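Everything below concerns the one structure shown next.
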Amino acid sequence: MPSAPPVGVVIANNNNGAFVGRAIESVARQSCRNLRTLVVDDASTDNSEEEIRQCLSRLGDSRFDYIRLDTNVGQTGAIKRGLARLDTPFVGFLDSDDIWYENFIERHLCVHMNADFPVALTYCDSHIIDADDHLLAGTAWWFEHGTGQGGIDPAMVPAIDATTGQFSFPRNGRLTLHPHWTAHSATNSMASMMLRRSFVDLVLVVPDHDLRLYVDYYLSTLAGLLTGSIAIHDPLYGYRMHGANKHSNAPVMGGTYNSSTKDWGPISSHILGLVQRILDQEASSIRASFGDWRHAHAQALVKRALDARSTGSRGAWIRFLDSLATRTRNLLGHARSVAGQRR
């Protein structure tokens with residue numbers, strides 16, 4: 001049987017000296033050993049340089065290389081610098097304040113190799129942890145938002161080891177294929193994803209200064225539009241909320257709210273505008289890869305999503321139609337749930 005392909009990892013760091021060592025170690029512990037990892041420090045001004053060098057020296061792992069940038073270029077620029085040193089067919093981007101669990105790469109690779117539907121992107125659920133690795137929530141409240149049917153499976157509740165105080169969660173094994181993108185599509189953070197390198201090379205051509213943050217939203221939107229994506233419902237990493245996150249700066253209070261106090265509307269519109277621009281600028285390459293219909297459909301979906309945010313009558317009409325469709329789906333879902341309970 002064929003063997004597993006190598007996987008490239010980029011850990012882009014900026015002023016996360018308190019956490020970057022733990023991120024690096026989590027990659028070194030991966031059950032899949034055929035890895036190549038680039039740690040890219042984006043001109044940090046804290047103790048990141050010392051922490052990274054000490055960690056890499058302690059590991060003594062030839063699969064890891066280090067690049068320090070003299071000028072801050074942002075998330076996209078740092079990722080690109082790392083990618084330039086990798087030639088693996090699959091890549092993952094670990095935020096330097098998060099940690100991957102040991103089976104992260106193994107599970108993502110296996111899902112990518114499913115015998116049903118190939119995609120450019122797989123993403124997974126996460127645990128929410130604090131600066132000291134304490135568990136704050138057993139799932140990302142934005143993961144697969146809106147898909148719940150009410151009720152919580154008792155098997156999803158963890159147990160606590162009385163000796164160590166550590167939680168243990170049962171594996172649920174659920175996967176969801178999302179073959180189509182909508183304006184309400186959501187995945188998870190950058191650290192949740194594994195992507196096909198050929199797809200990243202095709203679409204990550206936006207200038208660094210235009211996409212200094214939110215590369216996850218940009219890539220997941222284009223993947224959803226052009227190839228579809230697969231959600232892995234098991235949490236395979238720890239998403240750290242430590243009080244100095246560049247986006248997730250809201251307290252953990254439960255509920256399906258956003259993790260940030262920032263206004264997501266302008267951020268989302270900016271990223272969708274970049275997606276629209278790349279669909280136009282790279283039209284010939286995208287058509288050659290995915291066909292004329294898929295490219296045209298992607299353009300139409302993004303245009304509609306941006307039009308819906310306009311203040312004119314067209315925007316109001318689209319928002320009305322979307323709200324009507326949402327209410328209809330909710331009513332149908334409730335009706336199916338009631339019918340199932342009566343059986």
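Please note that chains go A, B, ... in the order of the structure tokens, that every chain numbers its residues from 1, and that ligands are numbered from 1 in the order shown.
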Within 9 Å of Gly82 in chain A, counting only C-alpha atoms, which residues show up once you throw out same-chain ones fewer than 6 positions away? Write them as JSON, numbers by chain, please.
{"A": [9, 10, 11, 12, 37, 38, 39, 40, 66, 67]}
Tell me which protein, DNA and RNA residues are within 12 Å of Asp201 in chain A, counting only C-alpha atoms, leaving out same-chain ones fewer than 3 positions away, and put them as number ranges by chain.
A: 79-80, 83-84, 86-91, 120, 195-198, 204-206, 219, 282, 285-286
Nearest residue to Ser220 in chain A from the set A:Gln299, A:Ser269, A:Ser284, A:Thr122 (distances using only C-alpha atoms)
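So, comparing all the options, the nearest one is A:Thr122.
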Report the residues of range 69-262 of chain A whose backbone DSSP state falls under strand (DSSP E), written as an MDAnalysis selection string.
chainID A and resid 69 90:95 99:100 121:129 135:137 159:160 167:168 175:178 193:196 229:240
I'd like the contact shell of Leu213 in chain A - 7 Å cut-off, only C-alpha atoms, skipping same-chain residues fewer than 3 positions apart - returned as a VMD selection string.
chain A and resid 74 to 76
Residue subset to file, keeping C-alpha atoms, as a CSV table (one decimal), in the first residue's frame:
```csv
chain,number,residue,atom,x,y,z
A,74,GLY,CA,2.4,40.2,9.2
A,75,GLN,CA,0.8,36.7,9.3
A,76,THR,CA,0.7,36.2,5.5
```
Surrounding residues of His295 in chain A excluding itself and chain neighbours under 6 positions, 8 Å, only C-alpha atoms, as a list in words:
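In the requested format, the answer is Leu226, Leu279, Ala283, Ile286 and Arg287 of chain A.
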DSSP on the backbone, then: every residue of range 48-134 of chain A marked alpha helix (DSSP H), written as a PyMOL selection string.
chain A and resi 48-59+74-83+104-112
May I ask for the distance between CA of His242 in chain A and CA of His184 in chain A, given in Å to one decimal place?
27.3 Å
With distances taken over only C-alpha atoms, which of A:Thr164, A:Asn172, A:Thr139, A:Ser310 is nearest to Gly255 in chain A?
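Closest candidate: A:Thr139.
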Compile the contact shell of range 247-253 of chain A as number ranges by chain: residues with an atom at most 9 Å away, counting only C-alpha atoms, same-chain residues fewer than 4 positions apart removed.
A: 128, 136-137, 213-214, 241-243, 258-262
Residue among A:Ser57, A:Leu175, A:Tyr123, A:Cys32 lying closest to Ile105 in chain A, counting only C-alpha atoms
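That would be A:Cys32, the residue with the smallest distance to Ile105 in chain A.
Computed from the coordinates, the CA of Glu144 in chain A to CA of Ile24 in chain A distance equals 27.7 Å.
In terms of minimum interatomic distance to Leu56 in chain A, A:Arg22 ranks closest within A:Gly315, A:Arg33, A:Val73, A:Arg22, counting only C-alpha atoms.
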